[in-house]
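**Q** What follows is protein00.cif, mmCIF, C-alpha atoms.
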```
data_model
#
loop_
_atom_site.label_atom_id
_atom_site.label_comp_id
_atom_site.auth_asym_id
_atom_site.auth_seq_id
_atom_site.Cartn_x
_atom_site.Cartn_y
_atom_site.Cartn_z
CA MET K 17 119.42 103.68 132.84
CA PRO K 18 120.94 105.05 129.64
CA LEU K 19 119.08 104.27 126.42
CA PRO K 20 121.74 104.57 123.71
CA PHE K 21 119.25 104.27 120.84
CA LEU K 22 117.50 107.46 121.95
CA THR K 23 120.48 109.77 121.91
CA ALA K 24 123.14 110.50 119.42
CA ASP K 25 126.55 111.39 120.73
CA ARG K 26 127.17 114.94 121.83
CA ALA K 27 129.34 115.41 118.74
CA PHE K 28 126.20 116.23 116.75
CA ASP K 29 125.53 119.19 119.01
CA ALA K 30 128.86 120.75 118.14
CA THR K 31 129.09 123.20 115.27
CA ASP K 32 132.39 121.86 113.96
CA ASP K 33 132.48 119.96 110.70
CA VAL K 34 133.57 116.56 111.96
CA ALA K 35 132.26 114.05 109.45
CA LEU K 36 132.70 110.91 111.55
CA PRO K 37 132.42 112.13 115.16
CA PHE K 38 132.57 108.74 116.87
CA ASP K 39 135.64 107.13 118.40
CA ASP K 40 134.47 103.53 117.93
CA HIS K 41 133.49 103.01 114.29
CA ASP K 42 132.72 99.31 114.82
CA GLN K 43 129.57 100.00 116.85
CA TRP K 44 126.29 100.55 114.99
CA ARG K 45 125.14 104.14 115.46
CA ARG K 46 122.32 106.31 114.24
CA PRO K 47 123.95 109.41 112.66
CA TYR K 48 121.12 111.68 113.82
CA ARG K 49 118.75 112.18 116.73
CA PRO K 50 115.26 110.67 116.58
CA GLY K 51 112.74 113.30 115.56
CA PRO K 52 110.00 114.76 117.72
CA TRP K 53 107.23 112.93 115.87
CA ARG K 54 108.86 109.55 116.51
CA VAL K 55 109.65 110.30 120.15
CA GLY K 56 106.19 111.77 120.76
CA ALA K 57 104.42 108.74 119.27
CA ALA K 58 106.55 106.40 121.38
CA ALA K 59 105.85 108.45 124.51
CA LEU K 60 102.09 108.29 123.86
CA ALA K 61 102.32 104.53 123.29
CA LEU K 62 104.21 104.11 126.57
CA LEU K 63 101.58 106.23 128.34
CA LEU K 64 98.89 103.96 126.92
CA ALA K 65 100.90 100.94 128.09
CA SER K 66 101.00 102.31 131.64
CA PHE K 67 97.19 102.56 131.69
CA VAL K 68 96.89 99.04 130.29
CA LEU K 69 99.29 97.76 132.98
CA PHE K 70 97.22 99.52 135.63
CA ALA K 71 94.12 97.85 134.21
CA ALA K 72 95.91 94.47 134.37
CA VAL K 73 96.58 95.02 138.08
CA ILE K 74 92.92 95.94 138.70
CA ILE K 75 91.74 92.88 136.77
CA ALA K 76 94.13 90.68 138.77
CA ALA K 77 92.85 92.17 142.04
CA ALA K 78 89.31 91.37 140.93
CA GLY K 79 90.33 87.72 140.61
CA ALA K 80 90.20 87.21 136.84
CA MET K 81 93.73 85.90 136.23
CA SER K 82 93.20 84.92 132.59
CA GLY K 83 91.98 88.43 131.76
CA SER K 84 94.86 89.92 133.71
CA ILE K 85 97.41 87.84 131.81
CA ALA K 86 95.85 88.83 128.47
CA THR K 87 95.88 92.51 129.46
CA PHE K 88 99.49 92.25 130.64
CA GLY K 89 100.39 90.63 127.30
CA LEU K 90 98.75 93.52 125.45
CA ALA K 91 100.77 96.02 127.50
CA THR K 92 103.95 94.08 126.71
CA LEU K 93 103.16 94.25 122.98
CA ILE K 94 102.57 98.01 123.21
CA ILE K 95 105.89 98.51 125.01
CA ALA K 96 107.76 96.34 122.50
CA ALA K 97 106.18 98.22 119.58
CA SER K 98 107.12 101.61 121.03
CA LEU K 99 110.72 100.53 121.60
CA ARG K 100 110.91 99.14 118.07
CA MET K 101 109.48 102.42 116.76
CA LEU K 102 112.37 104.25 118.42
CA ARG K 103 114.92 101.98 116.70
CA VAL K 104 113.55 102.59 113.19
CA GLY K 105 115.94 104.53 110.95
CA ALA K 106 119.35 104.38 109.34
CA TRP K 107 122.35 103.06 111.29
CA VAL K 108 125.99 103.14 110.21
CA SER K 109 129.23 101.49 111.26
CA ARG K 110 132.53 100.53 109.71
CA HIS K 111 130.87 97.33 108.49
CA GLY K 112 128.09 98.94 106.47
CA VAL K 113 124.77 100.71 106.58
CA ARG K 114 121.63 99.30 108.13
CA ARG K 115 118.06 100.39 107.42
CA VAL K 116 115.89 99.35 110.33
CA GLY K 117 112.18 99.22 109.59
CA PHE K 118 109.37 98.35 111.95
CA PHE K 119 109.10 94.77 110.70
CA SER K 120 112.36 94.22 108.81
CA THR K 121 116.00 95.22 108.77
CA THR K 122 118.27 95.50 105.73
CA THR K 123 122.04 95.53 106.19
CA VAL K 124 124.38 96.33 103.30
CA ALA K 125 128.16 96.11 103.57
CA TRP K 126 130.03 99.18 102.38
CA GLN K 127 131.82 97.06 99.76
CA GLN K 128 128.44 96.36 98.10
CA VAL K 129 127.37 100.02 98.02
CA THR K 130 127.69 101.60 94.58
CA ALA K 131 126.26 105.06 95.37
CA VAL K 132 124.73 107.13 98.15
CA ARG K 133 122.91 110.19 96.88
CA THR K 134 120.18 112.67 97.70
CA ALA K 135 117.35 112.93 95.18
CA GLN K 136 114.09 114.83 94.76
CA GLN K 137 111.24 112.34 94.45
CA PRO K 138 107.80 111.51 95.84
CA VAL K 139 108.22 110.33 99.45
CA ARG K 140 105.79 108.96 101.99
CA TRP K 141 104.53 111.46 104.56
CA LEU K 142 105.18 110.10 108.10
CA GLY K 143 105.27 106.58 106.66
CA LEU K 144 101.62 106.76 105.59
CA PRO K 145 100.44 105.82 102.07
CA ARG K 146 100.09 109.50 101.11
CA THR K 147 103.08 110.75 99.10
CA VAL K 148 104.41 114.28 98.78
CA GLN K 149 107.31 115.76 96.85
CA GLY K 150 110.45 115.70 98.98
CA GLN K 151 114.04 114.61 99.31
CA ALA K 152 115.30 111.11 99.97
CA LEU K 153 118.75 109.75 100.71
CA LEU K 154 119.04 106.80 98.33
CA LEU K 155 121.38 103.85 98.61
CA ASP K 156 122.28 101.91 95.46
CA TRP K 157 123.94 98.54 96.01
CA ARG K 158 125.08 95.58 93.97
CA GLY K 159 122.65 92.69 93.86
CA GLY K 160 119.75 94.67 95.28
CA GLU K 161 117.29 97.38 94.60
CA GLN K 162 117.56 101.02 95.51
CA VAL K 163 116.80 101.69 99.18
CA ALA K 164 115.60 105.00 100.61
CA LEU K 165 117.53 105.35 103.87
CA LEU K 166 116.06 108.70 104.94
CA THR K 167 113.39 111.08 103.72
CA ASP K 168 112.71 114.65 104.72
CA HIS K 169 109.06 113.80 105.47
CA ASN K 170 109.52 110.85 107.82
CA ALA K 171 109.00 110.95 111.59
CA ASP K 172 112.60 112.02 112.20
CA PHE K 173 112.86 114.96 109.79
CA LEU K 174 109.37 116.38 109.20
CA SER K 175 109.76 120.19 109.29
CA ARG K 176 113.49 119.80 110.09
CA ILE K 177 115.22 120.29 106.73
CA GLU K 178 118.57 121.24 108.30
CA ALA K 179 118.59 118.06 110.36
CA PHE K 180 117.88 116.00 107.22
CA ASP K 181 120.71 117.70 105.34
CA ARG K 182 123.12 117.12 108.23
CA ALA K 183 122.11 113.45 108.54
CA ALA K 184 122.37 112.88 104.79
CA ASP K 185 125.82 114.49 104.73
CA THR K 186 126.92 112.29 107.64
CA VAL K 187 125.78 109.08 105.94
CA GLU K 188 127.46 110.21 102.73
CA ALA K 189 130.67 110.84 104.71
CA TRP K 190 130.54 107.33 106.16
CA SER K 191 130.04 106.00 102.64
CA ALA K 192 132.97 108.01 101.31
CA GLU K 193 135.16 106.77 104.17
CA TYR K 194 134.33 103.07 103.96
CA GLY K 195 132.55 102.45 100.67
CA ALA K 196 131.43 104.10 97.47
CA PRO K 197 131.92 107.83 96.97
CA ALA K 198 128.85 110.00 97.48
CA THR K 199 127.27 111.55 94.42
CA ARG K 200 124.94 114.53 94.27
#
```
Could you express the structure from this file as C-alpha cells?

**A**
Amino acid sequence: MPLPFLTADRAFDATDDVALPFDDHDQWRRPYRPGPWRVGAAALALLLASFVLFAAVIIAAAGAMSGSIATFGLATLIIAASLRMLRVGAWVSRHGVRRVGFFSTTTVAWQQVTAVRTAQQPVRWLGLPRTVQGQALLLDWRGGEQVALLTDHNADFLSRIEAFDRAADTVEAWSAEYGAPATR
C-alpha cells in the first residue's frame, strides 16, 4: 500500500534544477522528504503500538474485555499520533502553502503571502523548548503573523543543511510562481 505522505516524488532525487518538479500542481505536496528523526520516532511509536496491540490480544484471551478495549484504544491513539507525526511539515500546491503541526494546521493562499524568506534566528531544537541559533524559512502574510514553515533544527533537517537549503529554495520557487516573490 503506497503511503504518499512518506515519500516525495522521484524528482527530488534528480540533480537537475527543476524548481516545480510535479505534474499536478493542484495536489498538496511536501517539497522535501521527511527526515530521519521524524521517521525514526514514528517507527518507534508504531513498534510500541504493536506491543500494545499484542497486550490487548492477551488481555482479551484472559477474559477481561473492558481492559482489552482500553488497551486497544491506547494502541489506536499511538498509531494515530505516529501517522500525524509523519504529516507534520510544510505542504505546497497551486492554491497556497500549508503548515501542518501536530495539533493544528495553517493554510495561507498564495495571494495573501507578502514574502517568503530565509532568516538567521533562534529556532527550537527538534520542537523542544530549547532554542539554538539556526535558519528558518519564514512566511509573511497579510492579516496574520509571521510563520516559520521550516527550520534547520527540526526533525526533518537536523544535521541535513543541504536538504534544508533545497527545501527552502523549492518553497521559495512555489511562492515566486504563484504568489509573492522570494526575498533573501

**Q** What is the distance between atom CA of K:Asn170 and atom CA of K:Thr123, in Å to one decimal?

**A**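 Straight-line distance from atom CA of K:Asn170 to atom CA of K:Thr123 works out to 19.9 Å.
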
**Q** Run the PyMOL selection byres ((chain K and resi 107-119) around 7) on the file and write out the hits as a PDB file with C-alpha atoms, in the frame of the given file.

**A**
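See expr_2.pdb below for the written result:
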```pdb
ATOM      1  CA  HIS K  41     133.490 103.010 114.290  1.00  0.00           C
ATOM      2  CA  ASP K  42     132.720  99.310 114.820  1.00  0.00           C
ATOM      3  CA  GLN K  43     129.570 100.000 116.850  1.00  0.00           C
ATOM      4  CA  TRP K  44     126.290 100.550 114.990  1.00  0.00           C
ATOM      5  CA  ARG K  45     125.140 104.140 115.460  1.00  0.00           C
ATOM      6  CA  ARG K  46     122.320 106.310 114.240  1.00  0.00           C
ATOM      7  CA  PRO K  47     123.950 109.410 112.660  1.00  0.00           C
ATOM      8  CA  ARG K 100     110.910  99.140 118.070  1.00  0.00           C
ATOM      9  CA  MET K 101     109.480 102.420 116.760  1.00  0.00           C
ATOM     10  CA  ARG K 103     114.920 101.980 116.700  1.00  0.00           C
ATOM     11  CA  VAL K 104     113.550 102.590 113.190  1.00  0.00           C
ATOM     12  CA  GLY K 105     115.940 104.530 110.950  1.00  0.00           C
ATOM     13  CA  ALA K 106     119.350 104.380 109.340  1.00  0.00           C
ATOM     14  CA  SER K 120     112.360  94.220 108.810  1.00  0.00           C
ATOM     15  CA  THR K 121     116.000  95.220 108.770  1.00  0.00           C
ATOM     16  CA  THR K 122     118.270  95.500 105.730  1.00  0.00           C
ATOM     17  CA  THR K 123     122.040  95.530 106.190  1.00  0.00           C
ATOM     18  CA  VAL K 124     124.380  96.330 103.300  1.00  0.00           C
ATOM     19  CA  ALA K 125     128.160  96.110 103.570  1.00  0.00           C
ATOM     20  CA  TRP K 126     130.030  99.180 102.380  1.00  0.00           C
ATOM     21  CA  LEU K 165     117.530 105.350 103.870  1.00  0.00           C
ATOM     22  CA  TYR K 194     134.330 103.070 103.960  1.00  0.00           C
TER      23      TYR K 194
END
```

**Q** Can you work out which one of K:Arg54, K:Arg133, K:Arg182, K:Arg176 has the shortest atom-to-atom distance to K:Asp156, counting all atoms listed in the file?

**A**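 Checking each candidate against K:Asp156, we get K:Arg133 as the closest.
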
**Q** Nearest to K:Trp141 among K:Trp53, K:Phe67, K:Ala78, K:Ala183, with distances taken over only C-alpha atoms: which residue is it?

**A**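 Once distances to K:Trp141 are computed over only C-alpha atoms, the minimum belongs to K:Trp53.
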
**Q** Pick the closest to K:Thr92 from K:Ala179, K:Ala76, K:Leu155, K:Leu64: which is it, counting all atoms listed in the file?

**A**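 For K:Thr92, the nearest of the given residues is K:Leu64.
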
**Q** Which distance in Å separates atom CA of K:Val187 and atom CA of K:Arg140, to one decimal?

**A**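 Atom CA of K:Val187 sits 20.4 Å away from atom CA of K:Arg140.
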
**Q** Which residues come within 8 Å of K:Gly51, counting all atoms listed in the file, excluding same-chain residues fewer than 3 positions away, as a PyMOL selection string?

**A** chain K and resi 54-55+171-174

**Q** What does the structure give for the distance between atom CA of K:Ile177 and atom CA of K:Glu193, in Å to one decimal?

**A** 24.2 Å

**Q** Which residues match the PyMOL selection byres ((chain K and resi 87) around 12) in the file above, as an NGL selection string?

**A** :K and (65-76 or 80-86 or 88-94)

**Q** Please save C-alpha atoms of the selected residues as a compact mmCIF listing (two decimals), keeping the file's coordinate frame.

**A**
```txt
# COMPACT_ATOMS: atom_id res chain seq x y z
CA ALA K 65 100.90 100.94 128.09
CA SER K 66 101.00 102.31 131.64
CA PHE K 67 97.19 102.56 131.69
CA VAL K 68 96.89 99.04 130.29
CA LEU K 69 99.29 97.76 132.98
CA PHE K 70 97.22 99.52 135.63
CA ALA K 71 94.12 97.85 134.21
CA ALA K 72 95.91 94.47 134.37
CA VAL K 73 96.58 95.02 138.08
CA ILE K 74 92.92 95.94 138.70
CA ILE K 75 91.74 92.88 136.77
CA ALA K 76 94.13 90.68 138.77
CA ALA K 80 90.20 87.21 136.84
CA MET K 81 93.73 85.90 136.23
CA SER K 82 93.20 84.92 132.59
CA GLY K 83 91.98 88.43 131.76
CA SER K 84 94.86 89.92 133.71
CA ILE K 85 97.41 87.84 131.81
CA ALA K 86 95.85 88.83 128.47
CA PHE K 88 99.49 92.25 130.64
CA GLY K 89 100.39 90.63 127.30
CA LEU K 90 98.75 93.52 125.45
CA ALA K 91 100.77 96.02 127.50
CA THR K 92 103.95 94.08 126.71
CA LEU K 93 103.16 94.25 122.98
CA ILE K 94 102.57 98.01 123.21
```

**Q** Quick check on the file I pasted: which residues fall under the PyMOL selection byres ((chain K and resi 158) around 12)? Write them as number ranges by chain.

**A** K: 124-131, 155-157, 159-163, 196

**Q** Check the smallest atom-to-atom distance from each of K:Pro50, K:Gln137, K:Ala61, K:Ala97 to K:Phe180 using all atoms listed in the file, then report the winner.

**A**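 Of K:Pro50, K:Gln137, K:Ala61, K:Ala97, the one nearest K:Phe180, counting all atoms listed in the file, is K:Pro50.
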